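For reference, query.cif is printed below; it contains mmCIF, C-alpha atoms and all ligand atoms.
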data_work
#
loop_
_atom_site.label_atom_id
_atom_site.label_comp_id
_atom_site.auth_asym_id
_atom_site.auth_seq_id
_atom_site.Cartn_x
_atom_site.Cartn_y
_atom_site.Cartn_z
CA MET A 1 0.00 0.00 0.00
CA PRO A 2 1.41 3.49 -0.82
CA LYS A 3 2.68 5.47 2.14
CA ALA A 4 0.14 8.20 2.87
CA ARG A 5 1.44 11.74 3.40
CA ILE A 6 -0.14 13.07 6.56
CA ARG A 7 0.54 16.26 8.48
CA LYS A 8 -2.55 16.72 10.60
CA ILE A 9 -5.26 14.36 11.80
CA ALA A 10 -8.48 14.83 13.78
CA ILE A 11 -10.19 12.60 16.34
CA ASN A 12 -13.85 12.68 17.22
CA THR A 13 -16.15 10.84 19.58
CA GLY A 14 -19.80 10.36 18.58
CA GLY A 15 -22.95 8.84 20.08
CA GLY A 16 -23.27 7.62 23.66
CA ASP A 17 -20.04 7.71 25.65
CA ALA A 18 -18.34 4.47 26.71
CA PRO A 19 -15.50 3.77 29.13
CA GLY A 20 -12.27 3.63 27.12
CA LEU A 21 -12.83 6.68 24.88
CA ASN A 22 -10.11 8.66 26.64
CA ALA A 23 -7.70 5.72 26.48
CA VAL A 24 -8.18 5.52 22.69
CA ILE A 25 -7.71 9.30 22.39
CA ARG A 26 -4.44 9.14 24.33
CA SER A 27 -3.18 6.22 22.28
CA VAL A 28 -4.00 7.88 18.94
CA VAL A 29 -2.44 11.19 20.03
CA ILE A 30 0.84 9.74 21.31
CA ALA A 31 1.25 7.34 18.36
CA ALA A 32 0.49 10.17 15.88
CA LEU A 33 2.77 12.71 17.60
CA ASN A 34 5.52 10.09 17.49
CA LYS A 35 5.12 10.08 13.70
CA GLY A 36 5.45 13.84 13.60
CA TRP A 37 1.74 14.48 12.89
CA GLU A 38 -0.31 17.25 14.46
CA VAL A 39 -3.54 16.12 16.21
CA VAL A 40 -6.74 18.01 16.93
CA GLY A 41 -9.92 16.85 18.64
CA ILE A 42 -13.31 17.84 17.25
CA ARG A 43 -15.69 18.89 20.00
CA ASP A 44 -19.06 17.18 20.47
CA GLY A 45 -19.14 14.77 17.54
CA TYR A 46 -18.81 16.96 14.45
CA ASN A 47 -20.30 20.08 16.03
CA GLY A 48 -16.87 21.66 16.56
CA LEU A 49 -16.47 21.72 12.77
CA LEU A 50 -20.10 22.31 11.77
CA MET A 51 -20.81 25.08 14.29
CA PRO A 52 -17.43 26.56 15.29
CA GLY A 53 -19.19 29.79 16.30
CA GLU A 54 -20.78 27.94 19.23
CA TYR A 55 -17.36 27.38 20.80
CA PRO A 56 -15.70 30.61 22.00
CA GLU A 57 -12.56 28.57 22.84
CA GLY A 58 -12.58 27.00 19.32
CA GLY A 59 -14.36 23.96 17.90
CA LEU A 60 -11.06 22.11 17.51
CA LEU A 61 -9.02 21.20 20.58
CA PRO A 62 -5.25 20.95 19.98
CA LEU A 63 -4.22 17.57 21.37
CA THR A 64 -0.73 17.68 22.85
CA ARG A 65 1.06 15.18 25.07
CA GLY A 66 0.18 17.36 28.06
CA ARG A 67 -3.52 17.39 27.14
CA VAL A 68 -3.76 13.59 27.09
CA ARG A 69 -1.59 12.93 30.14
CA GLY A 70 -3.34 10.93 32.91
CA ILE A 71 -6.61 10.30 31.05
CA THR A 72 -6.37 6.55 30.29
CA HIS A 73 -8.43 5.55 33.31
CA LEU A 74 -11.06 8.29 33.02
CA GLY A 75 -14.64 7.63 31.88
CA GLY A 76 -16.42 10.02 29.50
CA THR A 77 -14.54 11.83 26.72
CA ILE A 78 -12.38 14.94 26.92
CA LEU A 79 -13.81 15.94 23.51
CA GLY A 80 -17.49 15.78 24.42
CA THR A 81 -20.00 13.83 22.35
CA THR A 82 -23.54 14.02 21.07
CA ASN A 83 -26.14 11.70 19.64
CA LYS A 84 -28.10 14.52 18.04
CA GLY A 85 -25.43 15.64 15.58
CA ASN A 86 -25.68 13.19 12.67
CA PRO A 87 -24.37 15.38 9.78
CA ALA A 88 -26.40 13.34 7.27
CA LYS A 89 -29.62 14.07 9.21
CA TYR A 90 -28.81 17.31 10.97
CA PRO A 91 -31.84 18.81 12.77
CA THR A 92 -32.31 22.19 11.04
CA LEU A 93 -34.94 24.90 11.46
CA GLY A 94 -36.65 25.59 8.12
CA PRO A 95 -37.91 29.01 6.91
CA ASP A 96 -41.45 27.83 7.71
CA GLY A 97 -40.49 27.47 11.40
CA ARG A 98 -40.48 23.66 11.22
CA TRP A 99 -37.55 21.37 12.02
CA TYR A 100 -36.30 19.01 9.31
CA GLU A 101 -33.29 16.72 8.76
CA LYS A 102 -30.61 18.18 6.47
CA ASP A 103 -27.64 16.39 4.84
CA ARG A 104 -24.55 18.42 5.83
CA THR A 105 -21.87 15.82 4.95
CA GLY A 106 -20.58 17.82 1.92
CA GLU A 107 -20.20 20.89 4.12
CA LEU A 108 -18.40 18.79 6.72
CA VAL A 109 -15.86 17.34 4.29
CA ALA A 110 -15.16 20.91 3.10
CA ALA A 111 -14.61 21.98 6.74
CA PHE A 112 -12.00 19.21 7.16
CA LYS A 113 -10.16 20.52 4.08
CA ARG A 114 -10.43 24.16 5.19
CA ASN A 115 -8.84 23.27 8.52
CA GLY A 116 -5.97 21.40 6.85
CA ILE A 117 -7.04 18.04 8.32
CA ASP A 118 -5.75 15.13 6.22
CA ALA A 119 -7.50 12.28 8.01
CA LEU A 120 -9.99 11.41 10.73
CA VAL A 121 -10.01 8.76 13.46
CA ALA A 122 -13.70 8.34 14.34
CA LEU A 123 -14.61 6.66 17.63
CA GLY A 124 -18.18 5.44 17.54
CA GLY A 125 -20.87 2.79 17.47
CA ASP A 126 -22.93 1.68 14.47
CA GLY A 127 -24.50 5.13 13.95
CA SER A 128 -21.26 7.12 14.19
CA LEU A 129 -19.27 4.62 12.13
CA GLY A 130 -22.03 4.65 9.50
CA ILE A 131 -21.43 8.41 9.27
CA ALA A 132 -17.66 7.79 9.13
CA ASN A 133 -18.31 5.46 6.19
CA LEU A 134 -20.28 8.19 4.39
CA LEU A 135 -17.39 10.61 4.90
CA ALA A 136 -14.93 8.02 3.57
CA GLN A 137 -17.15 7.60 0.50
CA ARG A 138 -16.99 11.37 0.03
CA GLY A 139 -13.20 11.19 -0.14
CA LEU A 140 -12.10 11.84 3.45
CA ARG A 141 -9.46 9.49 4.84
CA VAL A 142 -11.13 7.80 7.79
CA ILE A 143 -10.33 5.02 10.25
CA GLY A 144 -13.09 3.86 12.62
CA VAL A 145 -12.65 2.58 16.17
CA PRO A 146 -15.47 0.39 17.56
CA LYS A 147 -16.98 1.94 20.66
CA THR A 148 -20.16 0.91 22.43
CA ILE A 149 -21.22 -0.67 25.68
CA ASP A 150 -23.81 -2.60 23.59
CA ASN A 151 -21.16 -4.75 21.79
CA ASP A 152 -23.43 -4.81 18.74
CA LEU A 153 -20.88 -3.98 16.02
CA LYS A 154 -20.14 -6.60 13.40
CA GLY A 155 -16.60 -7.55 12.45
CA THR A 156 -15.08 -7.25 15.91
CA VAL A 157 -15.15 -9.77 18.74
CA ALA A 158 -15.51 -6.90 21.21
CA THR A 159 -16.11 -3.17 21.32
CA PHE A 160 -14.49 -1.17 24.09
CA GLY A 161 -16.84 -0.22 26.92
CA PHE A 162 -18.74 -3.50 26.90
CA ASP A 163 -16.56 -5.30 29.44
CA THR A 164 -16.80 -2.36 31.85
CA ALA A 165 -20.59 -2.23 31.52
CA VAL A 166 -20.97 -5.98 32.11
CA SER A 167 -18.52 -5.96 35.04
CA PHE A 168 -20.40 -3.15 36.76
CA ALA A 169 -23.82 -4.68 36.08
CA THR A 170 -22.60 -8.02 37.47
CA GLU A 171 -21.45 -6.29 40.65
CA CYS A 172 -24.92 -4.75 40.92
CA LEU A 173 -26.53 -8.20 40.60
CA ASP A 174 -24.26 -9.52 43.36
CA ARG A 175 -25.50 -6.73 45.61
CA LEU A 176 -29.13 -7.29 44.69
CA HIS A 177 -29.05 -11.00 45.61
CA SER A 178 -28.79 -10.35 49.35
CA THR A 179 -31.62 -7.80 49.50
CA ALA A 180 -33.79 -9.97 47.21
CA GLU A 181 -33.26 -12.95 49.51
CA ALA A 182 -33.78 -10.92 52.69
CA HIS A 183 -37.18 -9.69 51.44
CA ARG A 184 -38.11 -12.76 49.40
CA ARG A 185 -38.64 -10.55 46.39
CA ILE A 186 -38.27 -10.85 42.65
CA MET A 187 -35.79 -8.18 41.56
CA VAL A 188 -36.07 -7.13 37.92
CA ILE A 189 -32.94 -5.40 36.60
CA GLU A 190 -33.20 -3.47 33.34
CA VAL A 191 -29.94 -2.95 31.47
CA MET A 192 -29.03 -1.00 28.32
CA GLY A 193 -28.02 -2.64 25.05
CA ARG A 194 -30.53 -1.25 22.56
CA TYR A 195 -31.64 -3.99 20.11
CA ALA A 196 -28.98 -6.52 21.21
CA GLY A 197 -28.99 -8.66 24.33
CA TRP A 198 -25.23 -8.93 24.93
CA ILE A 199 -25.13 -6.91 28.16
CA ALA A 200 -28.17 -8.68 29.64
CA LEU A 201 -26.93 -12.13 28.62
CA ASN A 202 -23.37 -11.81 29.92
CA THR A 203 -24.48 -10.04 33.10
CA GLY A 204 -27.25 -12.54 33.76
CA ILE A 205 -24.97 -15.55 33.42
CA SER A 206 -22.09 -14.00 35.42
CA GLY A 207 -24.42 -12.64 38.09
CA THR A 208 -26.43 -15.88 38.52
CA ALA A 209 -29.78 -14.61 37.27
CA ASP A 210 -32.83 -16.88 37.22
CA ALA A 211 -34.21 -15.40 34.01
CA ILE A 212 -32.74 -13.28 31.21
CA LEU A 213 -34.98 -11.54 28.69
CA ILE A 214 -33.27 -10.37 25.51
CA PRO A 215 -34.48 -8.85 22.22
CA GLU A 216 -33.34 -11.90 20.24
CA ILE A 217 -35.73 -14.23 22.15
CA PRO A 218 -39.24 -12.75 22.48
CA TYR A 219 -40.58 -13.89 25.85
CA ASP A 220 -43.85 -15.30 27.13
CA ILE A 221 -44.37 -13.75 30.57
CA ARG A 222 -46.33 -16.82 31.71
CA LYS A 223 -43.23 -18.93 31.09
CA VAL A 224 -41.11 -16.51 33.12
CA ALA A 225 -43.69 -16.68 35.93
CA ALA A 226 -43.65 -20.49 35.75
CA ALA A 227 -39.86 -20.42 36.12
CA MET A 228 -40.26 -18.27 39.27
CA LYS A 229 -42.82 -20.72 40.66
CA ALA A 230 -40.46 -23.63 39.95
CA LEU A 231 -37.83 -21.95 42.13
CA GLU A 232 -40.23 -22.01 45.09
CA LYS A 233 -40.53 -25.78 44.74
CA ARG A 234 -36.79 -25.91 45.34
CA ASN A 235 -37.21 -23.69 48.43
CA LYS A 236 -35.81 -20.61 46.73
CA TYR A 237 -38.06 -17.69 47.57
CA PHE A 238 -36.30 -14.88 45.73
CA ALA A 239 -35.28 -14.36 42.15
CA ILE A 240 -33.17 -12.18 39.88
CA VAL A 241 -34.52 -11.34 36.42
CA VAL A 242 -32.31 -9.40 33.98
CA VAL A 243 -34.19 -7.59 31.22
CA ALA A 244 -32.52 -5.97 28.22
CA GLU A 245 -34.05 -2.58 27.40
CA GLY A 246 -34.90 -3.92 23.93
CA ALA A 247 -36.66 -7.07 25.21
CA ARG A 248 -40.16 -7.65 23.90
CA PRO A 249 -42.95 -10.13 24.52
CA LYS A 250 -43.94 -12.61 21.82
CA GLY A 251 -46.11 -10.74 19.35
CA GLY A 252 -45.43 -7.41 21.11
CA GLY A 253 -43.17 -4.43 20.63
CA VAL A 254 -40.24 -2.80 22.45
CA CYS A 255 -40.85 -0.09 25.08
CA VAL A 256 -40.10 3.24 23.41
CA VAL A 257 -39.79 6.36 25.57
CA SER A 258 -39.49 8.88 22.73
CA LYS A 259 -38.41 9.48 19.14
CA GLU A 260 -36.82 12.82 18.36
CA LEU A 261 -35.68 14.30 15.05
CA GLY A 262 -32.11 13.39 14.05
CA ARG A 263 -31.60 10.69 16.67
CA GLN A 264 -32.48 7.07 17.40
CA GLU A 265 -35.56 6.21 19.43
CA LYS A 266 -35.03 6.12 23.21
CA LEU A 267 -35.82 2.77 24.84
CA GLY A 268 -36.84 2.17 28.45
CA GLY A 269 -39.54 0.92 30.75
CA CYS A 270 -39.63 -2.77 29.87
CA GLY A 271 -38.23 -3.73 33.31
CA GLU A 272 -41.22 -2.07 34.94
CA ARG A 273 -43.60 -3.81 32.51
CA VAL A 274 -42.07 -7.22 33.28
CA ALA A 275 -42.13 -6.58 37.07
CA LYS A 276 -45.80 -5.54 37.02
CA GLU A 277 -46.88 -8.60 35.04
CA LEU A 278 -44.76 -10.98 37.11
CA GLN A 279 -46.23 -9.60 40.33
CA GLU A 280 -49.74 -10.22 38.99
CA LEU A 281 -48.93 -13.75 37.83
CA THR A 282 -46.86 -14.94 40.78
CA GLY A 283 -48.42 -12.97 43.64
CA ARG A 284 -44.85 -12.19 44.74
CA GLU A 285 -43.52 -8.70 45.40
CA CYS A 286 -41.46 -7.49 42.42
CA ARG A 287 -39.15 -4.48 42.36
CA THR A 288 -37.39 -2.88 39.41
CA VAL A 289 -33.87 -1.44 39.22
CA VAL A 290 -32.87 0.41 36.05
CA LEU A 291 -29.09 0.49 35.72
CA GLY A 292 -29.25 2.81 32.69
CA HIS A 293 -26.43 5.31 32.32
CA LEU A 294 -24.56 3.92 35.33
CA LEU A 295 -23.30 1.31 32.86
CA ARG A 296 -21.60 4.02 30.82
CA GLY A 297 -19.73 5.68 33.70
CA GLY A 298 -16.56 5.02 35.64
CA SER A 299 -13.10 3.76 34.81
CA PRO A 300 -12.64 1.24 32.00
CA THR A 301 -11.69 -2.27 33.14
CA THR A 302 -8.18 -3.51 32.38
CA PHE A 303 -9.56 -5.40 29.35
CA ASP A 304 -11.25 -2.27 27.98
CA ARG A 305 -8.19 -0.10 28.63
CA LEU A 306 -5.96 -2.54 26.84
CA ILE A 307 -8.14 -2.93 23.74
CA SER A 308 -8.69 0.86 23.67
CA LEU A 309 -4.94 1.50 23.68
CA ARG A 310 -4.41 -1.25 21.08
CA PHE A 311 -7.22 0.11 18.87
CA GLY A 312 -5.82 3.67 19.03
CA ALA A 313 -2.30 2.61 18.05
CA ALA A 314 -3.69 0.34 15.30
CA ALA A 315 -5.74 3.24 13.89
CA VAL A 316 -2.59 5.33 13.50
CA ARG A 317 -0.72 2.41 11.90
CA ALA A 318 -3.64 1.99 9.48
CA LEU A 319 -3.43 5.63 8.39
CA ASP A 320 0.34 5.38 8.07
CA GLU A 321 -0.10 2.35 5.80
CA GLY A 322 -2.43 4.36 3.58
CA ARG A 323 -5.67 2.66 4.62
CA SER A 324 -9.06 4.38 4.71
CA GLY A 325 -12.70 3.39 5.11
CA VAL A 326 -11.86 0.62 7.58
CA MET A 327 -12.53 -0.07 11.24
CA VAL A 328 -9.95 -1.55 13.60
CA ALA A 329 -11.33 -4.80 15.00
CA LEU A 330 -10.43 -7.31 17.68
CA ASP A 331 -9.80 -10.78 16.28
CA PRO A 332 -7.76 -12.38 19.09
CA PRO A 333 -4.87 -12.43 19.32
CA ARG A 334 -4.70 -9.85 16.52
CA VAL A 335 -6.19 -6.47 15.80
CA ARG A 336 -7.23 -6.40 12.15
CA TYR A 337 -9.06 -4.06 9.78
CA VAL A 338 -12.56 -4.58 8.38
CA PRO A 339 -14.35 -2.32 5.88
CA LEU A 340 -16.58 0.25 7.62
CA ALA A 341 -19.33 -0.67 5.17
CA GLN A 342 -19.24 -4.28 6.40
CA ALA A 343 -19.05 -3.39 10.10
CA THR A 344 -22.08 -1.09 9.89
CA GLN A 345 -24.19 -3.11 7.46
CA ARG A 346 -26.37 -4.54 10.24
CA LEU A 347 -26.22 -5.01 14.00
CA LYS A 348 -24.41 -7.92 15.64
CA THR A 349 -27.12 -9.51 17.74
CA VAL A 350 -26.84 -12.60 19.95
CA PRO A 351 -26.91 -15.81 17.84
CA LEU A 352 -29.51 -18.16 19.30
CA ASN A 353 -27.16 -21.13 19.20
CA CYS A 354 -24.12 -19.38 20.68
CA ASP A 355 -22.26 -20.96 23.57
CA SER A 356 -23.46 -18.36 26.10
CA ILE A 357 -27.12 -19.10 25.35
CA LEU A 358 -26.42 -22.84 25.59
CA THR A 359 -24.55 -22.30 28.87
CA ALA A 360 -27.44 -20.31 30.33
CA ARG A 361 -29.90 -23.03 29.33
CA SER A 362 -27.66 -25.73 30.87
CA LEU A 363 -27.63 -23.71 34.08
CA GLY A 364 -31.42 -23.62 34.12
CA ILE A 365 -31.77 -19.91 33.37
CA SER A 366 -35.12 -19.11 31.74
CA PHE A 367 -35.39 -16.99 28.59
CA GLY A 368 -39.16 -17.02 28.85
CA ASP A 369 -39.43 -19.08 25.64
O1 LIG B 1 -25.77 2.74 22.45
C1 LIG B 1 -25.37 2.96 23.74
C2 LIG B 1 -26.54 3.26 24.62
O2 LIG B 1 -26.05 3.41 25.92
C3 LIG B 1 -27.68 2.23 24.52
O3 LIG B 1 -27.41 1.09 25.28
C4 LIG B 1 -28.85 3.07 25.00
O4 LIG B 1 -30.08 2.63 24.46
C5 LIG B 1 -28.54 4.43 24.48
O5 LIG B 1 -27.15 4.50 24.26
C6 LIG B 1 -28.98 5.53 25.41
O6 LIG B 1 -28.70 6.73 24.83
P1 LIG B 1 -28.98 8.13 25.57
O7 LIG B 1 -27.75 8.44 26.38
O8 LIG B 1 -29.17 9.08 24.47
O9 LIG B 1 -30.17 7.96 26.45
#
Can you present the structure in this file as structure tokens?
Ligand code: F6P
Amino acid sequence: MPKARIRKIAINTGGGDAPGLNAVIRSVVIAALNKGWEVVGIRDGYNGLLMPGEYPEGGLLPLTRGRVRGITHLGGTILGTTNKGNPAKYPTLGPDGRWYEKDRTGELVAAFKRNGIDALVALGGDGSLGIANLLAQRGLRVIGVPKTIDNDLKGTVATFGFDTAVSFATECLDRLHSTAEAHRRIMVIEVMGRYAGWIALNTGISGTADAILIPEIPYDIRKVAAAMKALEKRNKYFAIVVVAEGARPKGGGVCVVSKELGRQEKLGGCGERVAKELQELTGRECRTVVLGHLLRGGSPTTFDRLISLRFGAAAVRALDEGRSGVMVALDPPRVRYVPLAQATQRLKTVPLNCDSILTARSLGISFGD
């Protein structure tokens, strides 16, 4: 591959934050500076470039060694992020006073050129990397880095942020066992994950749940209730039920909180729905805990730090080798590159015959099917 001539690169973080973003940023910055490249960070997704006037201190943050010192273990992102700033569907106020979605990708590519930016390292999930793919198609040199607590990106064994989310959720389940047992209650724990059940599945198995409800397996609440009843026969008078936010009953839909212009629908409330129905069917007291954004906070685990640092360094190597339009991906023991188009084609959901599902079934965990 021809050696690409690069003087200045940009990094951005888009969509929901995930533990490990700062570790990737540090890795990209140090590896790039070591090649003699200049690095800037775009604030809040692409907003720093699309609306520089909104940032009195500048929409682009110069990223020096000093700026990225001591950030590897920090949650969040020093660049800021947004899930309302899709440049292909940018919420824009029309002359008639109504909001509509406008394609601003051409404008964005021009802004990269105007600012002398030769390439972009985009840290994001399926939405943000889909945008990165559009920019690559429009001629920008782009490398994607797979970020999301949901672990729903194709082409990579793991996204950074997922391990931290599952580790924290598992700790929460450990804590909920004792109070559930003390009160003889059914505790229903709702976790994030959007349309994929990875967080719920891994947390439920690791945290010894009695039932796990995931989007990939529509549930029958009567079967979940029967599983709770069966526990009583074995003298177990409490239960832990993990519900993915995208779980849905057979023949029913997901619980949607809202749908706003320029962003994905917001999910939530299915834990409460399950708890209410289980209480009616079992006559047992049910309580709901929504872990929500707690799963996105805190320090990345060692695993997430390590893959974040590896991904960042691999992204810089990819640019140096002249690659573009690819995402760095974990394929143990290697990090490899997969086309962004392939990684974002469709979501990676839980295969029904995967080992984790089989393990859960062997352990007697109910999926309500
Ligand atoms: O995609 C990551 C994620 O945390 C999902 O699990 C969740 O549905 C969504 O983001 C929540 O987004 P927001 O922060 O906009 O509520």
- Message: Could you list the protein, DNA and RNA residues that have any atom within 10 Å of ligand LIG 1 (chain B), counting only C-alpha atoms and all ligand atoms, and write them as number ranges by chain?
- Response: A: 15-18, 82-84, 124-127, 147-152, 161-162, 165, 191-197, 199, 244-246, 257, 263-268, 292-296
- For CA of Ser362 (chain A) and CA of Ala209 (chain A), determine how far apart the two atoms are, in Å to one decimal place. 13.0 Å
- Task: Go through A:Ala158, A:Val188, A:Val241, A:Ile217 and flag the residue nearest Leu330 (chain A), using all atoms listed in the file for the distances.
- Result: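 Smallest separation from Leu330 (chain A) among the options: A:Ala158.
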Mind checking which residues fall within 8 Å of region 51-67 of chain A, counting all atoms listed in the file, ignoring those fewer than 6 positions away in the same chain, and posting them as an mmCIF file with C-alpha atoms, keeping the file's coordinate frame?
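And here's out.cif as it stands now:
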data_model
loop_
_atom_site.group_PDB
_atom_site.id
_atom_site.type_symbol
_atom_site.label_atom_id
_atom_site.label_comp_id
_atom_site.auth_asym_id
_atom_site.auth_seq_id
_atom_site.Cartn_x
_atom_site.Cartn_y
_atom_site.Cartn_z
ATOM 1 C CA VAL A 29 -2.440 11.190 20.030
ATOM 2 C CA ILE A 30 0.840 9.740 21.310
ATOM 3 C CA GLU A 38 -0.310 17.250 14.460
ATOM 4 C CA VAL A 39 -3.540 16.120 16.210
ATOM 5 C CA VAL A 40 -6.740 18.010 16.930
ATOM 6 C CA GLY A 41 -9.920 16.850 18.640
ATOM 7 C CA ILE A 42 -13.310 17.840 17.250
ATOM 8 C CA ARG A 43 -15.690 18.890 20.000
ATOM 9 C CA LEU A 79 -13.810 15.940 23.510
#
- Go through A:Ile214, A:Ala315, A:Ala180, A:Leu340 one by one, measure the shortest atom-to-atom distance of each to Gly271 (chain A) using all atoms listed in the file, and give the residue with the smallest value.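 Closest candidate: A:Ile214.
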Please list as a JSON list (two decimals) with C-alpha atoms, keeping the file's coordinate frame every residue within 8 Å of Thr13 (chain A), counting all atoms listed in the file and excluding residues in the same chain fewer than 5 positions away.
[["chain", "number", "residue", "atom", "x", "y", "z"],
["A", 21, "LEU", "CA", -12.83, 6.68, 24.88],
["A", 42, "ILE", "CA", -13.31, 17.84, 17.25],
["A", 44, "ASP", "CA", -19.06, 17.18, 20.47],
["A", 45, "GLY", "CA", -19.14, 14.77, 17.54],
["A", 77, "THR", "CA", -14.54, 11.83, 26.72],
["A", 79, "LEU", "CA", -13.81, 15.94, 23.51],
["A", 80, "GLY", "CA", -17.49, 15.78, 24.42],
["A", 81, "THR", "CA", -20.00, 13.83, 22.35],
["A", 122, "ALA", "CA", -13.70, 8.34, 14.34],
["A", 123, "LEU", "CA", -14.61, 6.66, 17.63],
["A", 124, "GLY", "CA", -18.18, 5.44, 17.54]]
- Selection: 9 Å around Asn22 (chain A), all atoms listed in the file, excl. self and same-chain fewer than 2 positions, as number ranges by chain: A: 19-20, 24-27, 68, 71-79, 308
- Message: One decimal, in Å: what's the spacing between CA of Ala88 (chain A) and CA of Leu134 (chain A)?
- Response: 8.5 Å
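Nearest to Glu171 (chain A) of all the residues A:Leu291, A:Gly253, A:Glu272, A:Thr282 is A:Leu291, based on all atoms listed in the file.
The spacing separating CA of Val243 (chain A) from CA of Pro218 (chain A) amounts to 11.3 Å.
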- Task: Could you tell me which of A:Leu120, A:Ala275, A:Leu261, A:Val109 comes closest to Ile143 (chain A) if we count only C-alpha atoms?
- Result: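 Nearest to Ile143 (chain A): A:Leu120.
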- Counting only C-alpha atoms, the option among A:Gly85, A:Gly364, A:Gly325, A:Gly283 closest to Ile186 (chain A):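 Among A:Gly85, A:Gly364, A:Gly325, A:Gly283, it is A:Gly283 that comes nearest to Ile186 (chain A).
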- Shell around region 302-305 of chain A at 7 Å using only C-alpha atoms, local window under 2 positions removed, as a PyMOL selection string: chain A and resi 20+23+160-161+163-164+300+307-309
- Considering all atoms listed in the file, return as a list in words whatever protein or nucleic-acid residues lie within 12 Å of Gly106 (chain A), sequence-local ones (same chain, fewer than 4 positions apart) excluded.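 Listing them by chain and then by number gives Leu50, Pro87, Ala88, Lys102, Ala110, Ala111, Phe112, Lys113, Ile131, Leu134, Leu135, Ala136, Gln137, Arg138, Gly139 and Leu140 of chain A.
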- Item | Among the residues A:Val142, A:Tyr237, A:Arg7, A:Ala247, the one that comes closest to Ser178 (chain A) [using only C-alpha atoms] |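 Closest candidate: A:Tyr237.
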